[in-house]
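Q: Compact mmCIF, C-alpha atoms, file entry24.txt:
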# COMPACT_ATOMS: atom_id res chain seq x y z
CA MET A 1 -20.95 -27.31 17.44
CA ALA A 2 -20.26 -23.59 17.80
CA ARG A 3 -16.60 -22.90 18.30
CA PRO A 4 -15.04 -19.61 19.43
CA GLU A 5 -12.80 -17.70 17.10
CA LEU A 6 -9.17 -18.65 17.45
CA HIS A 7 -8.09 -15.31 18.91
CA ARG A 8 -10.31 -15.83 21.96
CA THR A 9 -8.63 -19.15 22.68
CA LEU A 10 -5.17 -17.66 22.19
CA THR A 11 -5.94 -14.71 24.43
CA ALA A 12 -7.17 -17.12 27.08
CA ALA A 13 -3.91 -19.07 26.77
CA VAL A 14 -1.87 -15.90 27.29
CA GLU A 15 -4.11 -14.97 30.20
CA ALA A 16 -3.44 -18.35 31.76
CA ALA A 17 0.30 -17.73 31.52
CA SER A 18 0.06 -14.42 33.37
CA PRO A 19 0.68 -14.82 37.09
CA PRO A 20 -1.93 -13.52 39.48
CA SER A 21 -1.35 -9.92 40.45
CA GLY A 22 -0.02 -9.31 43.93
CA THR A 23 2.00 -12.51 44.09
CA GLY A 24 5.27 -10.83 43.14
CA LEU A 25 5.84 -13.52 40.58
CA VAL A 26 6.91 -12.44 37.11
CA VAL A 27 6.79 -14.79 34.16
CA THR A 28 9.06 -13.61 31.39
CA GLU A 29 8.55 -16.29 28.78
CA VAL A 30 6.19 -19.20 28.29
CA ALA A 31 6.20 -21.90 25.64
CA ILE A 32 3.04 -23.94 25.32
CA ASP A 33 2.20 -26.89 23.13
CA ILE A 34 -1.54 -26.83 22.90
CA PRO A 35 -3.83 -29.08 20.89
CA LEU A 36 -6.52 -27.19 19.08
CA GLU A 37 -9.65 -28.19 17.27
CA VAL A 38 -9.56 -25.83 14.31
CA VAL A 39 -12.21 -25.19 11.71
CA ALA A 40 -12.40 -22.66 8.90
CA VAL A 41 -15.84 -21.34 8.05
CA ALA A 42 -16.98 -18.79 5.50
CA ARG A 43 -18.35 -15.51 6.77
CA HIS A 44 -19.38 -13.04 4.08
CA GLY A 45 -17.35 -15.11 1.65
CA ARG A 46 -14.14 -14.82 3.67
CA PRO A 47 -12.64 -17.54 5.84
CA VAL A 48 -12.80 -17.14 9.60
CA ILE A 49 -10.74 -19.48 11.74
CA GLY A 50 -12.38 -20.96 14.79
CA GLY A 51 -10.35 -22.85 17.33
CA SER A 52 -10.68 -24.23 20.83
CA ALA A 53 -9.07 -26.73 23.11
CA PRO A 54 -10.32 -30.30 22.69
CA HIS A 55 -13.23 -30.98 24.96
CA THR A 56 -12.17 -34.54 25.77
CA ARG A 57 -8.97 -36.47 26.14
CA TRP A 58 -10.51 -39.54 24.57
CA GLN A 59 -10.07 -40.12 20.90
CA SER A 60 -13.30 -40.60 19.10
CA GLY A 61 -14.29 -40.89 15.51
CA PHE A 62 -16.96 -38.26 16.03
CA LEU A 63 -14.58 -35.44 16.91
CA PRO A 64 -12.64 -33.26 14.51
CA ASP A 65 -8.93 -33.66 14.04
CA VAL A 66 -6.68 -32.06 16.62
CA HIS A 67 -4.07 -29.61 15.37
CA LEU A 68 -1.03 -29.18 17.56
CA ALA A 69 -0.06 -25.55 18.06
CA HIS A 70 3.08 -24.17 19.66
CA LEU A 71 2.88 -20.79 21.36
CA ARG A 72 5.76 -18.72 22.70
CA ILE A 73 4.59 -15.91 24.91
CA GLU A 74 6.93 -13.13 26.05
CA LEU A 75 6.74 -10.35 28.55
CA LEU A 76 6.89 -6.93 26.92
CA GLY A 77 8.66 -3.92 28.35
CA GLY A 78 7.06 -0.54 28.74
CA ASP A 79 7.97 0.49 25.19
CA GLY A 80 6.54 -2.64 23.66
CA ALA A 81 9.95 -4.31 23.31
CA PRO A 82 10.60 -7.74 24.80
CA SER A 83 11.80 -7.38 28.34
CA ALA A 84 15.41 -8.25 29.11
CA GLY A 85 14.45 -10.00 32.32
CA PRO A 86 12.39 -9.67 35.41
CA PRO A 87 12.08 -6.21 36.86
CA PRO A 88 14.32 -5.50 39.87
CA HIS A 89 11.42 -5.64 42.30
CA ALA A 90 10.43 -9.12 41.23
CA VAL A 91 10.96 -11.96 43.67
CA MET B 1 -19.52 -24.73 12.62
CA PRO B 2 -19.54 -26.74 9.43
CA SER B 3 -16.21 -27.05 7.69
CA ASP B 4 -17.33 -27.97 4.23
CA ALA B 5 -15.81 -24.90 2.58
CA SER B 6 -12.40 -24.74 1.02
CA PHE B 7 -10.38 -21.56 0.77
CA LEU B 8 -7.44 -20.26 -1.20
CA VAL B 9 -4.17 -20.74 0.64
CA GLU B 10 -3.49 -17.00 0.87
CA GLU B 11 -6.98 -16.39 2.26
CA PHE B 12 -6.57 -19.22 4.75
CA LEU B 13 -3.22 -17.94 6.00
CA GLY B 14 -4.56 -14.40 6.08
CA ALA B 15 -7.45 -15.56 8.27
CA ILE B 16 -5.00 -17.09 10.76
CA ALA B 17 -2.90 -13.92 10.73
CA THR B 18 -6.06 -11.92 11.40
CA GLN B 19 -6.77 -14.05 14.46
CA LEU B 20 -3.22 -13.41 15.73
CA ASP B 21 -3.63 -9.67 15.13
CA ARG B 22 -6.88 -9.69 17.08
CA THR B 23 -5.14 -11.54 19.89
CA GLN B 24 -2.48 -8.83 20.06
CA ASP B 25 -5.21 -6.17 19.99
CA ASP B 26 -6.93 -7.84 22.93
CA LEU B 27 -3.66 -8.01 24.85
CA ALA B 28 -2.87 -4.37 24.06
CA LEU B 29 -6.23 -3.36 25.52
CA LYS B 30 -5.52 -5.36 28.61
CA ALA B 31 -2.18 -3.56 29.01
CA VAL B 32 -3.97 -0.26 29.61
CA ASN B 33 -4.76 -1.24 33.18
CA ARG B 34 -2.20 -3.95 33.84
CA PRO B 35 1.48 -3.25 34.59
CA LEU B 36 2.78 -6.29 32.75
CA THR B 37 2.03 -6.99 29.13
CA TYR B 38 2.45 -10.25 27.33
CA ALA B 39 2.55 -10.84 23.61
CA ILE B 40 2.69 -13.88 21.38
CA LYS B 41 6.20 -13.95 20.03
CA ASP B 42 5.91 -17.06 17.88
CA PHE B 43 2.99 -19.17 16.86
CA SER B 44 3.33 -22.38 14.91
CA MET B 45 0.73 -24.96 14.13
CA GLU B 46 0.63 -28.37 12.58
CA LEU B 47 -2.45 -27.82 10.54
CA LYS B 48 -4.50 -30.76 9.34
CA VAL B 49 -6.05 -29.85 6.03
CA PHE B 50 -7.15 -31.38 2.82
CA VAL B 51 -5.21 -29.80 0.00
CA GLU B 52 -7.30 -29.38 -3.13
CA MET B 53 -6.80 -27.79 -6.49
CA ASP B 54 -9.69 -26.04 -8.19
CA PRO B 55 -10.33 -26.12 -11.96
CA GLU B 56 -8.44 -22.84 -12.33
CA GLY B 57 -5.26 -24.35 -10.93
CA ARG B 58 -5.37 -22.62 -7.56
CA VAL B 59 -4.45 -24.53 -4.40
CA ARG B 60 -7.12 -24.53 -1.69
CA PHE B 61 -7.20 -25.70 1.93
CA ARG B 62 -10.14 -27.37 3.63
CA THR B 63 -10.22 -28.31 7.29
CA PRO B 64 -11.33 -31.91 7.90
CA ALA B 65 -14.72 -32.69 9.32
CA ALA B 66 -15.24 -35.20 12.13
CA ASN B 67 -14.39 -38.79 11.28
CA GLU B 68 -12.67 -37.75 8.07
CA PRO B 69 -9.21 -39.32 8.04
CA GLY B 70 -6.42 -38.75 5.58
CA ALA B 71 -5.82 -35.04 6.04
CA SER B 72 -2.39 -33.66 5.21
CA SER B 73 -0.26 -32.01 7.87
CA VAL B 74 0.94 -28.53 7.02
CA SER B 75 3.35 -26.88 9.44
CA ILE B 76 2.84 -23.14 9.58
CA GLY B 77 4.90 -20.75 11.65
CA PHE B 78 4.15 -17.11 12.42
CA THR B 79 6.61 -14.81 14.12
CA THR B 80 6.80 -11.13 14.91
CA ILE B 81 8.77 -8.98 12.52
CA THR B 82 9.81 -5.34 12.59
CA ARG B 83 8.66 -2.57 10.29
CA PRO B 84 11.92 -2.57 8.25
CA MET B 85 11.44 -6.30 7.69
CA ILE B 86 7.92 -5.65 6.42
CA GLN B 87 9.24 -3.03 4.01
CA GLU B 88 11.93 -5.42 2.79
CA ASN B 89 9.43 -8.17 2.08
CA THR B 90 6.63 -6.26 0.41
CA VAL B 91 6.38 -4.70 -3.03
CA GLU B 92 7.08 -1.01 -3.46
CA VAL B 93 4.08 1.26 -3.19
CA GLY B 94 4.88 2.64 -6.63
CA LEU B 95 4.51 -0.80 -8.15
CA ALA B 96 1.33 -1.60 -6.26
CA ARG B 97 -0.54 1.59 -7.22
CA SER B 98 -0.08 1.19 -10.96
CA PRO B 99 -2.99 -0.16 -13.06
CA THR B 100 -3.83 -3.81 -12.60
CA LEU B 101 -3.56 -6.38 -15.34
CA SER B 102 -7.35 -6.50 -15.45
CA GLU B 103 -7.53 -2.77 -16.11
CA ALA B 104 -4.98 -3.27 -18.89
CA GLY B 105 -7.41 -5.59 -20.65
CA LEU B 106 -5.79 -8.97 -20.05
CA SER B 107 -8.07 -11.97 -19.68
CA TYR B 108 -8.35 -14.01 -16.49
CA GLN B 109 -6.21 -16.83 -17.85
CA GLU B 110 -3.56 -14.37 -19.03
CA ARG B 111 -3.56 -12.68 -15.64
CA ARG B 112 -3.19 -16.04 -13.91
CA ARG B 113 -0.19 -16.95 -16.03
CA LEU B 114 1.47 -13.60 -15.32
CA GLU B 115 0.74 -13.89 -11.60
CA GLN B 116 2.58 -17.20 -11.64
CA VAL B 117 5.72 -15.31 -12.68
CA GLY B 118 5.17 -12.65 -10.01
CA VAL B 119 3.45 -9.98 -12.08
CA ARG B 120 0.26 -8.42 -10.72
CA THR B 121 0.38 -4.84 -12.02
CA THR B 122 1.44 -3.10 -15.20
CA ALA B 123 4.42 -1.56 -13.38
CA GLU B 124 5.66 -5.03 -12.45
CA LEU B 125 5.08 -6.10 -16.06
CA HIS B 126 7.15 -3.14 -17.23
CA ARG B 127 9.94 -4.00 -14.82
CA LEU B 128 10.01 -7.62 -15.99
CA GLN B 129 9.94 -6.51 -19.61
CA SER B 130 12.94 -4.24 -19.07
CA SER B 131 15.00 -7.20 -17.87
CA THR B 132 13.71 -10.12 -19.94
CA GLY B 133 12.15 -8.46 -22.96
CA SER B 134 8.64 -8.75 -24.32
CA ALA B 135 9.43 -11.90 -26.29
CA GLY B 136 10.53 -13.74 -23.15
CA ILE B 137 7.38 -12.82 -21.23
CA SER B 138 5.23 -13.71 -24.22
CA ARG B 139 6.81 -17.14 -24.46
CA VAL B 140 6.75 -17.96 -20.75
CA ALA B 141 3.24 -16.64 -20.07
CA ASP B 142 1.86 -17.75 -23.43
CA ILE B 143 0.40 -14.34 -24.19
CA PRO B 144 0.35 -12.95 -27.75
CA MET B 145 2.92 -10.23 -28.26
CA GLU B 146 0.41 -7.62 -29.39
CA ARG B 147 -1.71 -8.08 -26.25
CA LEU B 148 1.41 -7.81 -24.12
CA ARG B 149 2.45 -4.61 -25.87
CA ALA B 150 -1.03 -3.17 -25.40
CA ALA B 151 -0.88 -3.91 -21.65
CA LEU B 152 2.57 -2.36 -21.40
CA ALA B 153 1.39 0.74 -23.26
CA PHE B 154 -1.63 1.03 -20.97
CA GLY B 155 0.59 1.10 -17.90
CA ARG B 156 2.79 3.90 -19.18
CA PRO B 157 2.26 7.46 -17.92
CA VAL B 158 0.05 9.46 -20.25
CA ILE B 159 -0.28 13.24 -20.22
CA SER B 160 -3.44 14.31 -21.95
CA SER B 161 -3.28 18.06 -21.48
CA VAL B 162 -1.08 20.89 -20.27
CA ARG B 163 -2.66 24.04 -18.93
CA PRO B 164 -2.01 26.86 -16.50
CA ALA B 165 -2.89 26.03 -12.92
CA PRO B 166 -4.58 28.51 -10.62
CA ARG B 167 -2.55 29.91 -7.79
CA PRO B 168 -3.15 28.15 -4.48
CA GLN B 169 -5.81 29.77 -2.37
CA LYS B 170 -4.33 31.67 0.55
CA PRO B 171 -6.10 31.21 3.86
CA ALA B 172 -8.61 33.91 4.65
CA ALA B 173 -7.27 36.70 6.81
CA PRO B 174 -8.60 36.62 10.38
CA LYS B 175 -11.37 39.06 11.13
CA PRO B 176 -10.19 42.15 12.97
CA LEU B 177 -10.99 42.13 16.63
CA ALA B 178 -12.86 44.84 18.40
CA PRO B 179 -10.72 48.00 18.83
CA GLN B 180 -8.79 48.01 22.04
CA ALA B 181 -6.63 50.51 23.79
CA PRO B 182 -3.18 50.53 22.18
CA SER B 183 -0.26 49.44 24.31
CA PRO B 184 2.80 51.26 22.98
CA GLN B 185 5.26 49.26 25.10
CA VAL B 186 4.47 45.97 23.40
CA PRO B 187 5.89 45.63 19.89
CA PRO B 188 3.52 44.20 17.31
CA PRO B 189 3.88 40.45 16.84
CA ALA B 190 5.81 39.25 13.86
CA ARG B 191 3.57 38.39 10.96
CA PRO B 192 3.70 34.69 10.17
CA PRO B 193 4.78 33.84 6.65
CA ALA B 194 2.02 33.04 4.24
CA SER B 195 1.40 29.34 4.09
CA ARG B 196 2.21 27.68 0.79
CA PRO B 197 1.75 24.14 -0.38
CA PRO B 198 4.74 21.89 0.12
CA VAL B 199 7.18 22.37 -2.69
CA THR B 200 9.66 19.64 -3.45
CA PRO B 201 12.92 21.04 -4.69
CA PRO B 202 13.97 19.86 -8.11
CA ARG B 203 16.10 16.79 -7.94
CA PRO B 204 19.71 17.49 -8.82
CA GLN B 205 19.96 15.02 -11.63
CA PRO B 206 21.57 15.46 -14.99
CA ARG B 207 19.33 16.68 -17.71
CA PRO B 208 18.22 13.89 -20.04
CA ALA B 209 19.69 13.52 -23.45
CA PRO B 210 18.00 15.74 -26.01
CA VAL B 211 15.13 14.13 -27.81
CA PRO B 212 15.23 13.71 -31.54
CA PRO B 213 13.92 16.81 -33.29
CA ARG B 214 10.19 16.71 -33.84
CA LYS B 215 7.54 19.32 -33.70
CA PRO B 216 6.05 19.39 -30.20
CA PRO B 217 2.47 20.53 -29.77
CA ILE B 218 2.09 24.19 -28.91
CA VAL B 219 0.29 25.14 -25.70
CA ARG B 220 -0.74 28.77 -25.34
CA ILE B 221 -0.91 30.11 -21.81
CA PRO B 222 -1.25 33.55 -20.24
CA PRO B 223 2.12 35.28 -19.81
CA ALA B 224 1.67 35.64 -16.07
CA THR B 225 1.30 31.90 -15.50
CA ARG B 226 3.39 30.74 -12.52
CA ARG B 227 2.06 27.19 -12.17
CA ILE B 228 1.60 24.63 -14.90
CA GLU B 229 -0.80 21.73 -14.56
CA LEU B 230 -0.28 18.43 -16.35
CA VAL B 231 -3.35 16.19 -16.50
CA GLY B 232 -3.36 12.51 -17.46
CA ARG B 233 -3.17 9.05 -15.92
CA ASN B 234 -0.45 6.94 -14.24
CA MET B 235 1.40 10.20 -13.77
CA LEU B 236 3.42 9.02 -10.80
CA GLY B 237 4.57 5.80 -12.45
CA SER B 238 6.77 3.44 -10.50
CA GLY B 239 9.51 5.97 -9.85
CA GLY B 240 7.41 8.70 -8.28
CA ALA B 241 6.77 12.17 -9.64
CA PRO B 242 8.30 12.96 -13.03
CA GLN B 243 10.98 15.54 -13.62
CA VAL B 244 9.83 18.67 -15.39
CA TRP B 245 11.97 21.17 -17.30
CA LEU B 246 11.06 24.43 -18.96
CA GLY B 247 13.58 25.90 -21.35
CA GLY B 248 16.23 23.63 -19.92
CA ARG B 249 15.60 24.64 -16.29
CA PRO B 250 14.20 22.14 -13.80
CA LEU B 251 10.88 23.04 -12.24
CA ALA B 252 9.75 22.25 -8.71
CA VAL B 253 6.81 19.85 -8.49
CA ALA B 254 4.30 21.38 -6.08
CA GLU B 255 1.57 18.74 -6.26
CA ALA B 256 1.67 15.23 -7.63
CA ASP B 257 -0.81 12.41 -7.85
CA ASP B 258 -1.71 9.83 -10.47
CA GLU B 259 -3.99 12.14 -12.44
CA ARG B 260 -2.37 15.53 -11.94
CA ILE B 261 1.03 17.15 -11.62
CA VAL B 262 1.50 20.82 -10.81
CA ALA B 263 4.91 22.40 -11.48
CA GLU B 264 5.88 25.82 -10.23
CA LEU B 265 7.89 28.27 -12.29
CA PRO B 266 10.66 30.25 -10.62
CA ASP B 267 9.96 33.97 -10.39
CA ASP B 268 12.68 34.83 -12.88
CA LEU B 269 11.50 32.37 -15.51
CA VAL B 270 9.16 33.40 -18.29
CA ALA B 271 6.38 30.91 -18.95
CA SER B 272 7.42 30.08 -22.47
CA GLY B 273 9.80 27.69 -24.11
CA THR B 274 10.11 23.94 -24.40
CA LEU B 275 8.40 22.00 -21.62
CA GLU B 276 9.86 18.53 -21.09
CA VAL B 277 8.48 15.84 -18.79
CA ASP B 278 10.61 12.80 -18.00
CA HIS B 279 8.91 9.89 -16.23
CA GLY B 280 12.14 7.94 -16.05
CA ASP B 281 11.00 5.28 -18.53
CA GLY B 282 13.08 6.59 -21.42
CA ASP B 283 10.34 8.61 -23.10
CA ILE B 284 10.30 12.38 -22.71
CA ALA B 285 7.06 14.19 -23.46
CA THR B 286 7.60 17.63 -24.97
CA TRP B 287 5.39 20.68 -25.47
CA GLU B 288 6.13 24.17 -26.66
CA LEU B 289 4.72 26.79 -24.33
CA ALA B 290 3.81 30.08 -25.97
CA HIS B 291 2.00 33.17 -24.76
CA GLU B 292 -1.65 33.54 -25.64
CA ASN B 293 -1.01 37.03 -27.02
CA PRO B 294 2.63 37.25 -28.16
CA GLY B 295 2.61 41.04 -28.42
CA GLN B 296 1.26 41.54 -24.93
CA THR B 297 3.49 40.86 -21.95
CA ASP B 298 1.55 42.78 -19.31
CA PRO B 299 -1.37 40.63 -18.16
CA TRP B 300 -3.15 43.70 -16.77
CA ALA B 301 -2.81 45.82 -19.87
CA PRO B 302 -6.10 46.85 -21.48
CA ALA B 303 -7.37 44.79 -24.32
CA PRO B 304 -6.76 46.16 -27.84
CA ALA B 305 -9.34 48.72 -28.86
CA ASP B 306 -12.17 47.36 -30.88
CA GLY B 307 -12.95 49.59 -33.87
CA GLY B 308 -16.70 49.15 -33.55
CA ALA B 309 -16.92 49.66 -29.81
CA VAL B 310 -18.15 52.92 -28.36
Taking this structure as input, can you express it in the form of C-alpha cells?

A:
Amino acid sequence: MARPELHRTLTAAVEAASPPSGTGLVVTEVAIDIPLEVVAVARHGRPVIGGSAPHTRWQSGFLPDVHLAHLRIELLGGDGAPSAGPPPHAV
Amino acid sequence: MPSDASFLVEEFLGAIATQLDRTQDDLALKAVNRPLTYAIKDFSMELKVFVEMDPEGRVRFRTPAANEPGASSVSIGFTTITRPMIQENTVEVGLARSPTLSEAGLSYQERRRLEQVGVRTTAELHRLQSSTGSAGISRVADIPMERLRAALAFGRPVISSVRPAPRPQKPAAPKPLAPQAPSPQVPPPARPPASRPPVTPPRPQPRPAPVPPRKPPIVRIPPATRRIELVGRNMLGSGGAPQVWLGGRPLAVAEADDERIVAELPDDLVASGTLEVDHGDGDIATWELAHENPGQTDPWAPAPADGGAV
C-alpha cells in the first residue's frame, strides 16, 4: 500500500493543532502522542521514511506494526524564537 | 511500499531527520501568509525495527513487514538545537577537509577499524597519533606500522614548488563618458581606493625555533617579485593557513586554499633570503630565495649586450 512520506503526515499534524483563523484562539504549545505506521523504502539507494496514521483501530495480523510517536509543537514568535506566551490581543 | 530493505543506522536516522527538515520547510512556507507559525520542538518515536548486522560488522535497521512479530523497540528522540550547539557537536572543518583514509591508501577493513576509534580523515589520524603514538594506533586498529606511517605522511602538507605569483588583476577602468559641460562649483568626487584581495595580517606569534642547518633548495625569482606562490597539496592542514617568513620577517598570506598559498612581501622587503613555511605540525619547510640575475637589481634595465647582435 502506498504510504505518504513522513513529513506530510507531520505537517498535517501541526496543521491540525493550529486553530482556525478568525476565532481569536491562540494555541501556544501542543503535545501529541500519535501512532504511526512507518516504513523505510529505498529510493535511488537511499532510505526514505514513509509514515501515516493507522487506518483502523482494530489490530490485525495483516497490518504493519504501529510506532508510537510523540510530538511537541510550539508557537514561534516573529523572529523564529519560541513565543513567550499568547499575544496581548489573544482571547 | 515494501519494507524488505535494511539500512545503516546512520542512514536510517538521517532519513528521519530529513523528513523533519522537510516538515519545517513546509511550515516555514506556510508562515509567509499566516500570522502564526508553529514548529516541531521535539519529536520522539518508539521505532519498531529489526536490528541486523551485515557481514562487514555494520548495524542495520529494517522496518517490520505486516504480520512479522518480534521487532525490537528503539526509542529515538529529536530536538531542536542552536547553531552554537551544532558547532560544538561536529568535527572542525579543518579536520573534515583533509584527505580521507581511502585517499591515503588504506584498505576497507583498515578504514573500518580506524572509524571504530573515531578516525575518518588523515587529519584525525594525525591528531590521534600526536596523543597516543603510532604504536598505540597500530595495536588497537591492527594496522601494520609502515602502512600507518604512509597514511600519516600522505596527510601532511606538501609544498611541491615555490614561484613568483603574478600581481592581482586590477579591475578595468570605467570607460569615459561623453564630454559634458564642466561644473566648476562641484568638486570632483574622491577617487575610490584600488580594490585589492583580502590580506590577512601576519599572526603575532613567536617565530619558530631555528631548524637544524641543512642546505635548502634555491629558488631563483625576479628581483621585483612582490608575491610568492607556494603550490602543493593539503596546504591548509588542520590548523588553517601556514605561517610564512622571509628573512625572519612574517609575510601576509593573501590567498590560501589546499593547493595554493600566496604570500605578499612588504614593500620594504627584498625578495631574497630564507623562506620558511610552518604548518604548525613541527616541520618547517625552507627554501633559499635568490635573484634570477644577481648583478641586476633593476627589473626594467636593458638586457646585457650580446656580442653577436647588431

Q: For chain B, which residues have at least one atom within 6 Å of chain A, if we go by all atoms listed in the file? Write them as a list in words, please.

A: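 The selection requested is Met1, Ser3, Ala15, Gln19, Thr23, Thr37, Tyr38, Ala39, Ile40, Lys41, Asp42, Phe43, Ser44, Met45, Glu46, Leu47, Thr63, Ala65, Ala66 and Asn67 of chain B.
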
Q: So the first atom is CA of Arg58 in chain B and the second is CA of Gly77 in chain B; what is the distance between them in Å, to one decimal place?

A: 21.9 Å

Q: Just to confirm, what's the straight-line distance from CA of Pro55 in chain B to CA of Glu115 in chain B in Å (one decimal)?

A: 16.5 Å

Q: If I take CA of Pro69 in chain B and CA of Leu13 in chain B, how far is one from the other in Å, to one decimal?

A: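 Rounded to one decimal, the two atoms are 22.3 Å apart.
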
Q: Counting only C-alpha atoms, what is within 10 Å of Ile218 in chain B, bar same-chain residues fewer than 4 positions away, as a CSV table (one decimal) with C-alpha atoms, in the frame of the given file?

A:
chain,number,residue,atom,x,y,z
B,162,VAL,CA,-1.1,20.9,-20.3
B,273,GLY,CA,9.8,27.7,-24.1
B,274,THR,CA,10.1,23.9,-24.4
B,275,LEU,CA,8.4,22.0,-21.6
B,286,THR,CA,7.6,17.6,-25.0
B,287,TRP,CA,5.4,20.7,-25.5
B,288,GLU,CA,6.1,24.2,-26.7
B,289,LEU,CA,4.7,26.8,-24.3
B,290,ALA,CA,3.8,30.1,-26.0
B,291,HIS,CA,2.0,33.2,-24.8

Q: What lies within 12 Å of Val117 in chain B using only C-alpha atoms, ignoring chain neighbours under 6 positions off, as a list in words?

A: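 The residues that qualify are Glu110, Arg111, Glu124, Leu125, Leu128, Gln129, Thr132, Gly136, Ile137, Ser138, Arg139, Val140, Ala141 and Asp142 of chain B.
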
Q: Can you work out which one of B:Arg156, B:Arg227, B:Arg167, B:Arg147 has the shortest atom-to-atom distance to Val253 in chain B, counting all atoms listed in the file?

A: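 Distance minimum relative to Val253 in chain B lands on B:Arg227.
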
Q: Need the shell around Glu276 in chain B: protein/DNA/RNA residues with any atom at most 7 Å away, counting all atoms listed in the file. Skip same-chain ones fewer than 5 positions apart. Format as a list in words?

A: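 The neighbour list is Val244, Trp245, Leu246, Ile284, Ala285, Thr286 and Trp287 of chain B.
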
Q: Which is closest to Thr18 in chain B among B:Val32, B:Phe78, B:Pro242, B:Ile86, if we use all atoms listed in the file?

A: B:Phe78

Q: Write out as JSON, numbers by chain the residues lying within 7 Å of Phe61 in chain B, counting all atoms listed in the file and excluding same-chain residues fewer than 6 positions away.

A: {"B": [6, 7, 8, 9, 49, 50, 51, 52]}

Q: Include C-alpha atoms and write out the residues we just selected as a compact mmCIF listing (two decimals), in the frame of the given file.

A:
# COMPACT_ATOMS: atom_id res chain seq x y z
CA SER B 6 -12.40 -24.74 1.02
CA PHE B 7 -10.38 -21.56 0.77
CA LEU B 8 -7.44 -20.26 -1.20
CA VAL B 9 -4.17 -20.74 0.64
CA VAL B 49 -6.05 -29.85 6.03
CA PHE B 50 -7.15 -31.38 2.82
CA VAL B 51 -5.21 -29.80 0.00
CA GLU B 52 -7.30 -29.38 -3.13
